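Structure data (mmCIF, C-alpha atoms) from input08.cif:
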data_input
#
loop_
_atom_site.label_atom_id
_atom_site.label_comp_id
_atom_site.auth_asym_id
_atom_site.auth_seq_id
_atom_site.Cartn_x
_atom_site.Cartn_y
_atom_site.Cartn_z
CA MET M 103 116.44 19.58 -240.18
CA GLU M 104 120.12 19.87 -239.23
CA ILE M 105 122.63 17.14 -240.00
CA LYS M 106 125.72 16.95 -237.80
CA GLU M 107 128.26 14.33 -236.80
CA ALA M 108 128.46 13.31 -233.16
CA GLY M 109 131.47 12.17 -231.16
CA GLN M 110 132.53 11.68 -227.58
CA VAL M 111 135.34 13.29 -225.57
CA LYS M 112 137.92 10.65 -224.62
CA ALA M 113 140.49 12.89 -222.95
CA VAL M 114 141.12 16.55 -222.11
CA CYS M 115 144.66 17.88 -221.76
CA LYS M 116 144.78 21.62 -221.13
CA ASN M 117 143.35 23.21 -224.31
CA ILE M 118 143.25 20.00 -226.37
CA ALA M 119 140.39 17.49 -226.36
CA ARG M 120 140.59 14.03 -227.95
CA VAL M 121 137.27 13.15 -229.56
CA ALA M 122 136.28 9.73 -230.90
CA GLY M 123 133.53 9.10 -233.42
CA PHE M 124 134.26 11.68 -236.13
CA HIS M 125 134.76 9.96 -239.47
CA SER M 126 134.32 12.72 -242.08
CA CYS M 127 135.78 15.94 -240.65
CA LEU M 128 138.55 18.25 -241.86
CA ASN M 129 141.22 20.48 -240.36
CA GLY M 130 139.87 23.90 -239.40
CA GLN M 131 136.30 22.61 -239.06
CA VAL M 132 134.18 24.04 -236.25
CA VAL M 133 132.83 21.80 -233.48
CA SER M 134 130.72 22.42 -230.39
CA PHE M 135 130.87 20.56 -227.11
CA GLU M 136 127.91 19.52 -225.01
CA SER M 137 128.44 22.45 -222.64
CA GLY M 138 128.23 24.93 -225.54
CA VAL M 139 131.97 25.67 -225.67
CA PRO M 140 133.15 25.97 -229.30
CA GLY M 141 136.21 24.28 -230.71
CA MET M 142 138.19 23.76 -233.89
CA ILE M 143 139.74 20.60 -235.31
CA MET M 144 143.56 20.78 -235.26
CA GLY M 145 144.66 17.29 -236.29
CA PHE M 146 144.07 13.56 -236.25
CA THR M 147 145.45 10.30 -234.93
CA LYS M 148 144.55 6.80 -236.13
CA THR M 149 141.57 6.65 -233.77
CA ASP M 150 140.85 10.17 -232.46
CA THR M 151 140.31 13.74 -233.60
CA LEU M 152 142.40 16.42 -231.89
CA THR M 153 140.26 19.45 -231.12
CA LEU M 154 141.29 22.89 -229.88
CA ILE M 155 139.03 24.20 -227.11
CA LEU M 156 138.11 27.86 -227.70
CA GLY M 157 136.76 28.87 -224.35
CA ASN M 158 136.66 27.69 -220.75
CA GLU M 159 138.33 24.30 -220.80
CA ALA M 160 136.90 23.49 -217.34
CA LYS M 161 133.46 23.08 -218.92
CA VAL M 162 134.67 20.28 -221.21
CA ARG M 163 134.72 16.94 -219.38
CA LEU M 164 135.46 13.33 -220.13
CA GLY M 165 132.52 11.60 -221.78
CA ASP M 166 130.81 14.79 -223.01
CA ALA M 167 129.23 14.73 -226.45
CA CYS M 168 130.83 16.73 -229.25
CA PHE M 169 129.12 17.75 -232.50
CA SER M 170 130.71 18.60 -235.82
CA ARG M 171 129.17 20.49 -238.72
CA ALA M 172 130.48 20.45 -242.26
CA GLU M 173 131.63 24.07 -242.19
CA THR M 174 134.87 25.91 -241.53
CA PHE M 175 135.36 28.21 -238.58
CA LYS M 176 134.00 31.70 -239.35
CA VAL M 177 133.85 34.96 -237.42
CA PRO M 178 131.42 37.87 -237.78
CA VAL M 179 132.69 40.97 -239.61
CA GLY M 180 131.32 44.39 -240.51
CA GLU M 181 131.63 48.17 -240.16
CA LYS M 182 129.97 48.12 -236.74
CA PHE M 183 133.06 46.47 -235.28
CA LEU M 184 134.94 49.78 -235.54
CA GLY M 185 135.54 51.28 -232.12
CA ARG M 186 134.93 47.96 -230.37
CA VAL M 187 137.05 45.35 -228.60
CA VAL M 188 136.42 41.74 -229.65
CA ASN M 189 137.91 38.37 -228.77
CA ALA M 190 139.14 35.57 -231.03
CA LEU M 191 135.55 34.46 -231.72
CA GLY M 192 134.50 37.95 -232.85
CA GLU M 193 132.45 38.42 -229.69
CA PRO M 194 132.47 41.84 -227.99
CA CYS M 195 134.27 42.07 -224.66
CA ASP M 196 133.96 45.79 -223.89
CA ASP M 197 130.51 45.81 -222.19
CA LYS M 198 128.95 47.90 -224.98
CA GLY M 199 126.38 45.36 -226.11
CA LYS M 200 126.14 43.03 -229.06
CA ILE M 201 127.49 43.81 -232.52
CA GLU M 202 125.31 43.26 -235.57
CA PRO M 203 127.54 41.57 -238.17
CA ALA M 204 127.38 42.35 -241.87
CA ASP M 205 128.83 39.00 -242.91
CA TYR M 206 130.84 36.00 -241.73
CA PHE M 207 134.40 35.37 -242.96
CA PRO M 208 136.48 32.18 -242.54
CA VAL M 209 139.32 32.43 -240.06
CA MET M 210 141.55 30.07 -242.04
CA CYS M 211 141.50 30.68 -245.77
CA GLU M 212 143.84 30.83 -248.74
CA ALA M 213 145.66 34.04 -249.58
CA PRO M 214 144.65 35.96 -252.73
CA GLU M 215 146.25 34.56 -255.87
CA THR M 216 149.00 36.38 -257.71
CA MET M 217 146.71 37.40 -260.58
CA ASP M 218 144.30 38.94 -258.08
CA ARG M 219 147.00 41.29 -256.80
CA GLU M 220 148.81 44.31 -258.17
CA PRO M 221 152.07 46.04 -257.19
CA ALA M 222 151.96 48.43 -254.25
CA ASP M 223 151.66 52.03 -255.42
CA SER M 224 150.70 54.00 -252.30
CA PHE M 225 152.77 55.29 -249.39
CA LEU M 226 151.75 54.59 -245.79
CA GLU M 227 152.55 57.56 -243.56
CA THR M 228 153.60 56.38 -240.10
CA GLY M 229 154.18 59.85 -238.68
CA THR M 230 157.66 58.87 -237.44
CA THR M 231 160.26 60.90 -239.33
CA ILE M 232 163.13 58.41 -239.16
CA ILE M 233 160.88 55.64 -240.55
CA ASP M 234 159.13 57.66 -243.28
CA ALA M 235 162.47 59.06 -244.43
CA PHE M 236 164.80 56.04 -244.19
CA VAL M 237 162.58 52.92 -243.86
CA PRO M 238 159.42 53.82 -245.84
CA ILE M 239 156.42 51.49 -245.82
CA ALA M 240 153.99 50.91 -248.70
CA LYS M 241 150.33 50.03 -248.39
CA GLY M 242 150.09 46.27 -248.79
CA GLN M 243 153.57 45.64 -247.35
CA ARG M 244 154.54 43.22 -244.56
CA GLN M 245 156.98 45.02 -242.28
CA MET M 246 158.49 43.63 -239.09
CA ILE M 247 159.35 45.74 -236.03
CA VAL M 248 162.03 43.80 -234.19
CA GLY M 249 164.07 44.49 -231.08
CA ASP M 250 164.56 43.70 -227.41
CA ARG M 251 161.82 44.17 -224.84
CA MET M 252 161.05 47.73 -223.71
CA THR M 253 162.67 49.47 -226.69
CA GLY M 254 159.55 51.16 -228.08
CA LYS M 255 158.23 48.67 -230.65
CA THR M 256 154.58 49.03 -229.62
CA THR M 257 154.94 52.82 -229.51
CA ILE M 258 156.00 52.95 -233.18
CA ALA M 259 153.05 50.76 -234.22
CA VAL M 260 150.51 52.73 -232.17
CA ASP M 261 151.86 56.02 -233.53
CA ALA M 262 151.28 54.66 -237.03
CA ILE M 263 147.64 54.04 -236.08
CA LEU M 264 147.28 57.53 -234.62
CA ASN M 265 148.70 59.04 -237.82
CA GLN M 266 145.99 57.45 -240.01
CA LYS M 267 143.34 59.85 -238.74
CA GLY M 268 141.61 61.44 -241.71
CA LYS M 269 143.53 59.30 -244.24
CA ASN M 270 140.76 56.74 -244.94
CA VAL M 271 142.70 53.79 -243.53
CA ILE M 272 141.02 51.18 -241.32
CA CYS M 273 143.28 50.09 -238.45
CA ILE M 274 143.20 46.88 -236.42
CA TYR M 275 145.26 46.45 -233.26
CA CYS M 276 145.74 42.75 -232.51
CA CYS M 277 146.83 42.03 -228.94
CA ILE M 278 148.45 38.59 -228.54
CA GLY M 279 149.45 37.47 -225.06
CA LYS M 280 150.11 40.96 -223.71
CA SER M 281 149.20 41.93 -220.17
CA MET M 282 145.78 43.39 -219.53
CA SER M 283 147.35 46.63 -218.28
CA SER M 284 149.17 47.08 -221.61
CA LEU M 285 145.96 46.48 -223.53
CA ILE M 286 144.03 48.98 -221.40
CA LYS M 287 146.80 51.55 -221.88
CA VAL M 288 146.73 51.23 -225.68
CA ALA M 289 142.92 51.26 -225.81
CA GLY M 290 142.79 54.33 -223.58
CA LEU M 291 145.29 56.17 -225.75
CA LEU M 292 143.40 55.37 -228.95
CA LYS M 293 140.15 56.54 -227.36
CA ALA M 294 141.66 59.75 -226.00
CA ARG M 295 143.12 60.66 -229.41
CA GLY M 296 139.92 59.87 -231.33
CA ALA M 297 141.45 56.91 -233.17
CA LEU M 298 138.72 54.42 -232.26
CA ASP M 299 136.51 55.94 -234.96
CA TYR M 300 138.58 54.06 -237.56
CA THR M 301 140.16 51.37 -235.34
CA LEU M 302 139.01 48.08 -233.85
CA ILE M 303 140.85 46.00 -231.27
CA ALA M 304 141.09 42.20 -231.47
CA ALA M 305 142.40 41.05 -228.11
CA ALA M 306 143.56 37.81 -226.55
CA PRO M 307 145.60 38.98 -223.53
CA ALA M 308 147.79 36.76 -221.38
CA ALA M 309 144.84 35.68 -219.23
CA SER M 310 142.98 34.29 -222.26
CA PRO M 311 143.10 30.56 -223.11
CA ALA M 312 145.95 29.44 -225.34
CA GLY M 313 143.44 28.55 -228.08
CA GLU M 314 142.23 32.14 -228.32
CA GLN M 315 145.80 33.48 -228.35
CA TYR M 316 146.57 31.13 -231.22
CA LEU M 317 143.47 32.14 -233.18
CA ILE M 318 143.44 35.91 -232.60
CA PRO M 319 145.82 37.00 -235.46
CA PHE M 320 143.75 34.99 -237.94
CA THR M 321 140.57 36.61 -236.61
CA ALA M 322 142.12 40.07 -237.01
CA THR M 323 143.13 39.24 -240.58
CA ALA M 324 139.61 38.01 -241.39
CA LEU M 325 138.19 41.32 -240.10
CA ALA M 326 140.71 43.20 -242.27
CA GLU M 327 139.84 41.12 -245.33
CA TYR M 328 136.23 42.28 -245.10
CA PHE M 329 137.32 45.91 -245.45
CA MET M 330 139.94 45.06 -248.08
CA GLN M 331 137.32 43.41 -250.29
CA LYS M 332 135.25 46.58 -249.93
CA GLY M 333 138.12 48.50 -251.55
CA GLN M 334 139.52 50.06 -248.38
CA ASP M 335 143.10 50.18 -247.11
CA CYS M 336 143.76 48.42 -243.79
CA LEU M 337 146.63 48.53 -241.32
CA VAL M 338 146.95 45.51 -239.00
CA VAL M 339 149.33 45.58 -236.03
CA PHE M 340 150.23 42.17 -234.53
CA ASP M 341 151.52 42.75 -230.99
CA ASP M 342 153.34 40.50 -230.71
CA MET M 343 154.11 37.47 -232.86
CA THR M 344 156.75 36.08 -230.51
CA LYS M 345 154.07 35.26 -227.97
CA HIS M 346 151.98 33.73 -230.75
CA ALA M 347 154.91 31.43 -231.54
CA TRP M 348 155.17 30.48 -227.87
CA CYS M 349 151.48 29.71 -227.78
CA TYR M 350 151.63 27.54 -230.90
CA ARG M 351 154.63 25.69 -229.49
CA GLN M 352 152.62 24.92 -226.35
CA LEU M 353 149.65 23.66 -228.36
CA SER M 354 151.85 21.58 -230.66
CA LEU M 355 153.48 19.81 -227.75
CA LEU M 356 150.03 19.03 -226.34
CA LEU M 357 149.01 17.70 -229.75
CA GLY M 358 151.93 15.28 -229.61
CA ARG M 359 153.80 16.72 -232.56
CA PRO M 360 157.57 16.23 -232.56
CA PRO M 361 159.53 19.33 -231.51
CA GLY M 362 162.19 20.84 -233.72
CA ARG M 363 164.60 23.74 -233.27
CA GLU M 364 164.10 25.45 -229.87
CA ALA M 365 161.19 22.99 -229.36
CA TYR M 366 159.09 24.78 -232.01
CA PRO M 367 157.11 22.50 -234.35
CA GLY M 368 158.30 22.05 -237.90
CA ASP M 369 155.22 23.68 -239.43
CA ILE M 370 155.48 27.01 -237.59
CA PHE M 371 157.10 28.61 -240.65
CA TYR M 372 154.18 27.49 -242.80
CA LEU M 373 151.68 28.74 -240.21
CA HIS M 374 153.10 32.27 -240.10
CA THR M 375 153.62 32.38 -243.86
CA GLN M 376 149.99 31.42 -244.38
CA LEU M 377 148.97 34.33 -242.15
CA LEU M 378 151.23 36.99 -243.68
CA GLU M 379 150.53 35.99 -247.28
CA ARG M 380 146.99 37.27 -246.80
CA ALA M 381 148.41 40.82 -246.70
CA GLY M 382 148.89 42.68 -249.94
CA LYS M 383 147.12 44.91 -252.43
CA LEU M 384 144.23 43.61 -254.50
CA HIS M 385 143.82 44.36 -258.19
CA ARG M 386 141.38 47.12 -259.10
CA GLU M 387 139.04 44.55 -260.61
CA HIS M 388 138.73 43.03 -257.13
CA GLY M 389 138.19 46.31 -255.32
CA GLY M 390 141.73 47.63 -255.05
CA GLY M 391 141.87 47.35 -251.25
CA SER M 392 144.99 46.49 -249.30
CA ILE M 393 146.19 45.02 -246.00
CA THR M 394 149.44 46.32 -244.50
CA SER M 395 150.87 44.12 -241.74
CA LEU M 396 153.09 45.51 -238.98
CA LEU M 397 154.24 42.58 -236.87
CA ILE M 398 156.17 43.03 -233.66
CA VAL M 399 158.83 40.45 -232.79
CA ASP M 400 161.00 40.25 -229.67
CA THR M 401 164.71 39.48 -229.66
CA LEU M 402 166.95 38.37 -226.83
CA HIS M 403 170.00 40.60 -226.30
CA GLY M 404 169.67 41.93 -229.85
CA ASP M 405 170.09 38.52 -231.48
CA VAL M 406 168.13 38.67 -234.74
CA THR M 407 169.48 35.26 -235.75
CA GLY M 408 167.10 33.49 -233.37
CA PHE M 409 164.70 30.99 -234.87
CA ILE M 410 161.53 33.11 -234.80
CA PRO M 411 163.10 36.48 -235.81
CA SER M 412 165.02 34.87 -238.67
CA ASN M 413 161.85 33.13 -239.83
CA PHE M 414 159.98 36.42 -240.03
CA ILE M 415 162.89 38.17 -241.74
CA SER M 416 162.67 35.63 -244.57
CA MET M 417 158.91 36.06 -245.04
CA THR M 418 158.48 39.85 -244.70
CA ASP M 419 159.31 42.77 -246.98
CA GLY M 420 161.70 44.42 -244.54
CA GLN M 421 162.33 45.11 -240.89
CA ILE M 422 162.63 48.06 -238.54
CA TYR M 423 165.32 47.15 -236.01
CA LEU M 424 165.28 48.88 -232.61
CA ASN M 425 168.67 48.89 -230.89
CA ALA M 426 168.72 48.63 -227.10
CA ASP M 427 172.04 50.52 -226.88
CA ILE M 428 170.63 53.43 -228.90
CA PHE M 429 167.55 53.42 -226.66
CA LYS M 430 169.68 53.52 -223.51
CA GLY M 431 171.67 56.37 -225.05
CA GLY M 432 168.53 58.53 -225.01
CA PHE M 433 167.69 58.56 -228.72
CA LYS M 434 164.04 57.69 -229.34
CA PRO M 435 162.70 56.11 -231.46
CA ALA M 436 165.75 53.85 -231.22
CA VAL M 437 165.75 52.80 -234.89
CA ASP M 438 169.06 51.37 -236.09
CA ILE M 439 169.23 52.57 -239.70
CA ALA M 440 172.16 50.30 -240.54
CA GLN M 441 170.12 47.14 -239.83
CA SER M 442 166.70 48.41 -240.94
CA VAL M 443 165.51 47.92 -244.50
CA SER M 444 162.34 48.24 -246.57
CA ILE M 445 162.21 46.44 -249.89
CA ILE M 446 158.95 47.79 -251.31
CA GLY M 447 158.50 51.13 -249.54
CA SER M 448 161.32 52.88 -251.40
CA LEU M 449 159.45 52.40 -254.67
CA VAL M 450 156.45 54.44 -253.50
CA GLN M 451 158.16 56.94 -251.22
CA PRO M 452 157.21 60.57 -251.99
CA GLN M 453 159.78 62.40 -254.06
CA GLU M 454 160.30 65.14 -251.46
CA LEU M 455 161.60 62.48 -249.05
CA LYS M 456 163.30 60.16 -251.53
CA GLU M 457 165.73 62.76 -252.91
CA LYS M 458 167.01 63.52 -249.41
CA LYS M 459 167.13 59.92 -248.20
CA SER M 460 170.48 58.66 -249.48
CA PRO M 461 172.84 61.53 -248.51
CA LEU M 462 171.32 61.98 -245.06
CA ARG M 463 171.35 58.23 -244.37
CA LEU M 464 175.04 58.02 -245.26
CA GLU M 465 175.92 61.08 -243.15
CA TYR M 466 174.01 59.72 -240.16
CA MET M 467 175.69 56.30 -240.36
CA ARG M 468 179.13 57.97 -240.58
CA TYR M 469 178.25 60.02 -237.54
CA ARG M 470 177.38 56.86 -235.57
CA ASP M 471 180.80 55.41 -236.42
CA LEU M 472 182.59 58.62 -235.43
CA GLN M 473 180.62 58.70 -232.20
CA ARG M 474 182.14 55.35 -231.25
CA LEU M 475 185.62 56.75 -231.88
CA THR M 476 185.00 59.71 -229.59
CA LYS M 477 184.10 57.31 -226.79
CA LEU M 478 187.56 55.80 -227.20
CA LYS M 479 189.06 59.31 -226.98
CA VAL M 480 190.79 59.04 -230.34
CA GLY M 481 192.10 62.29 -231.80
CA LEU M 482 189.81 63.75 -234.48
CA SER M 483 190.56 66.03 -237.39
CA ALA M 484 188.67 69.21 -238.11
CA GLU M 485 186.72 67.44 -240.84
CA ALA M 486 185.66 64.72 -238.42
CA GLU M 487 184.54 67.30 -235.86
CA SER M 488 182.40 69.04 -238.49
CA ARG M 489 180.84 65.69 -239.35
CA ILE M 490 180.04 65.12 -235.69
CA LYS M 491 178.34 68.51 -235.43
CA ARG M 492 176.39 67.70 -238.58
CA GLY M 493 175.43 64.31 -237.15
CA GLU M 494 174.31 65.88 -233.89
CA ALA M 495 171.97 68.16 -235.86
CA ILE M 496 170.54 65.15 -237.73
CA THR M 497 170.11 63.26 -234.46
CA ALA M 498 168.33 66.16 -232.76
CA LEU M 499 165.97 66.53 -235.71
CA LEU M 500 165.15 62.82 -235.92
CA ARG M 501 164.54 62.53 -232.19
CA GLN M 502 160.79 62.37 -231.62
CA ASP M 503 158.56 62.05 -228.57
CA LYS M 504 156.11 59.16 -228.41
CA ASN M 505 152.51 59.58 -229.55
CA THR M 506 153.36 62.74 -231.51
CA PRO M 507 153.14 61.78 -235.21
CA ILE M 508 154.49 64.38 -237.65
CA SER M 509 152.83 65.19 -240.97
CA LEU M 510 154.56 64.54 -244.28
CA LYS M 511 154.87 68.26 -245.07
CA ARG M 512 156.66 68.97 -241.80
CA GLN M 513 158.99 66.02 -242.33
CA ALA M 514 159.89 67.32 -245.78
CA ALA M 515 160.56 70.78 -244.32
CA PHE M 516 162.82 69.29 -241.62
CA LEU M 517 164.86 67.29 -244.13
CA SER M 518 165.17 70.27 -246.48
CA ALA M 519 166.60 72.36 -243.67
CA LEU M 520 169.12 69.60 -242.97
CA MET M 521 170.14 69.31 -246.62
CA LYS M 522 170.75 73.06 -246.87
CA GLY M 523 172.84 73.04 -243.69
CA ASN M 524 170.61 75.55 -241.93
CA LEU M 525 170.67 73.56 -238.67
CA ASP M 526 174.42 72.92 -238.51
CA GLY M 527 175.97 74.45 -235.42
CA LEU M 528 172.66 74.97 -233.63
CA SER M 529 172.19 73.61 -230.13
CA GLU M 530 169.70 70.85 -229.37
CA MET M 531 167.37 73.34 -227.70
CA GLN M 532 167.41 75.62 -230.74
CA ILE M 533 166.59 72.69 -233.03
CA GLU M 534 163.68 71.71 -230.77
CA GLU M 535 162.34 75.26 -230.99
CA TYR M 536 162.67 75.12 -234.77
CA LYS M 537 160.71 71.83 -234.90
CA LYS M 538 157.89 73.39 -232.89
CA SER M 539 157.78 76.48 -235.09
CA VAL M 540 157.40 74.59 -238.40
#
Target format structure tokens, applied to this file:
Amino acid sequence: MEIKEAGQVKAVCKNIARVAGFHSCLNGQVVSFESGVPGMIMGFTKTDTLTLILGNEAKVRLGDACFSRAETFKVPVGEKFLGRVVNALGEPCDDKGKIEPADYFPVMCEAPETMDREPADSFLETGTTIIDAFVPIAKGQRQMIVGDRMTGKTTIAVDAILNQKGKNVICIYCCIGKSMSSLIKVAGLLKARGALDYTLIAAAPAASPAGEQYLIPFTATALAEYFMQKGQDCLVVFDDMTKHAWCYRQLSLLLGRPPGREAYPGDIFYLHTQLLERAGKLHREHGGGSITSLLIVDTLHGDVTGFIPSNFISMTDGQIYLNADIFKGGFKPAVDIAQSVSIIGSLVQPQELKEKKSPLRLEYMRYRDLQRLTKLKVGLSAEAESRIKRGEAITALLRQDKNTPISLKRQAAFLSALMKGNLDGLSEMQIEEYKKSV
């Protein structure tokens, strides 16, 4: 015998259905429409229940029956999801057959309590020298990658996934509102480099319904929580959260909620905080696993004071800022060290990188300032010219091709050569030959 509450669809507006007849339901509760399309309760009015349609909205019609069960929305999880592509419902969408789940985890749940956590004590190697040296990331940290479109944000995140090969880290690439061609490109790269053995892809591309794009980061986090509770370290890449904010703004307007700044709803800060708070490192008594979140956020003309970027800055543990001018100047990855910061990563950074971090960072920032003066054709002293040559050596060493992560030992060797001055005066071609020989 199965007990469920029945209602009737009164109206359908895009991805939102108004259902009458539910008297004892809660937010986040799962429902199913007469056509078999699933849904999730998003809010209430005095007479109706507002339900998010998770599927083909064309199958939900006026007058259809809707059934509610007294359970929250859950998705299947397990080790067999590695190497697969799933949607927001945890269903496979890569034509490789069904996936046998090991368990079911709630999509919306509370973050681990403070007493269940412990301070981060492990270093996450991204394989990008300028990040590992100057903006280090710890396992369990929430780090934002922010910058204008087409400045290499996804490349940095994907390189971090590629660099986890053989390091016992489970990776999840969460695609939110990206084009199908971008998703296929990332999936093809991960497959070609053998990264799908420890990576799963949770995808809701631009062609997916708005409900799935809204739900997909929570689904990816639920999949990561399964591995975290098993004592494993997880890396989750959200690509990108700006499109998730757009999607939630669209749904909120359809739900009739009053718009706020830039037409975003007032609870969008709470929504994203609820998601990111689920990252962290668990105490050893609870398995000792961790979830590291790398979230990608777009800016417009380098303005990090926009509503969504500033929201994420206040709820993350640091940001990696990609400068469009540096990118156009030919330096890649175009990380702006002056505006990039990592609050937690410096505490766990390996000693061989930490002792070289401060002097090289200062020298590189001075070089960037002197470089602006040379563009103005201002006369330079001999000391300034030597600093420029030194800065050119640092720049040539930090320049790195995409999808070529560098091991920690090689990074330490590069920085040691810089500290000793062995690369000063060498041409860019000679430095490139040195990098290949190490």
With a cut-off of 10 Å, could you pull out the residues of range 168-286 of chain M touching range 460-477 of chain M and give me the nearest pair of atoms for each, distance in Å to one decimal, using all atoms listed in the file, ordered by chain and ascending number, as a tab-separated table?
residue	atom	partner	partner_atom	distance
M:Ile232	CA	M:Arg463	CA	9.7
M:Ala235	CA	M:Arg463	CA	8.9
M:Phe236	CA	M:Arg463	CA	6.9
Tell me, as a PyMOL selection string, which residues lie within 12 Å of Asn265 in chain M, counting only C-alpha atoms; anything in the same chain fewer than 4 positions away does not count.
chain M and resi 226-231+234+258-261+269-273+292+295-297+300-301+337+504-510
Expressed in Å, the length from CA of Ala498 in chain M to CA of Ala240 in chain M is 26.3 Å
One decimal, in Å: what's the spacing between CA of Lys161 in chain M and CA of Ser137 in chain M?
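Separation of CA of Lys161 in chain M and CA of Ser137 in chain M: 6.3 Å.
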Can you tell me how far CA of Pro238 in chain M sits from CA of Glu454 in chain M, in Å to one decimal?
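For CA of Pro238 in chain M relative to CA of Glu454 in chain M, the distance reads 12.7 Å.
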Please enumerate the residues selected by the PyMOL selection byres ((chain M and resi 162) around 8) when evaluated against the supplied file, formatted as a VMD selection string.
chain M and resid 114 135 to 137 139 158 to 161 163 to 164 166
Just want the 9 Å neighbourhood of Pro214 in chain M, counted on all atoms listed in the file, with same-chain residues fewer than 2 positions away dropped. Output as an mmCIF file with C-alpha atoms, in the frame of the given file.
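Saved the output as part_31.cif:
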data_model
loop_
_atom_site.group_PDB
_atom_site.id
_atom_site.type_symbol
_atom_site.label_atom_id
_atom_site.label_comp_id
_atom_site.auth_asym_id
_atom_site.auth_seq_id
_atom_site.Cartn_x
_atom_site.Cartn_y
_atom_site.Cartn_z
ATOM 1 C CA GLU M 212 143.840 30.830 -248.740
ATOM 2 C CA THR M 216 149.000 36.380 -257.710
ATOM 3 C CA MET M 217 146.710 37.400 -260.580
ATOM 4 C CA ASP M 218 144.300 38.940 -258.080
ATOM 5 C CA ARG M 219 147.000 41.290 -256.800
ATOM 6 C CA GLU M 379 150.530 35.990 -247.280
ATOM 7 C CA ARG M 380 146.990 37.270 -246.800
ATOM 8 C CA ALA M 381 148.410 40.820 -246.700
ATOM 9 C CA GLY M 382 148.890 42.680 -249.940
ATOM 10 C CA LEU M 384 144.230 43.610 -254.500
#
Just say which residues the PyMOL selection byres ((chain M and resi 276) around 7) picks in this file, as a PyMOL selection string.
chain M and resi 274-275+277-278+303-305+319+322+339-341
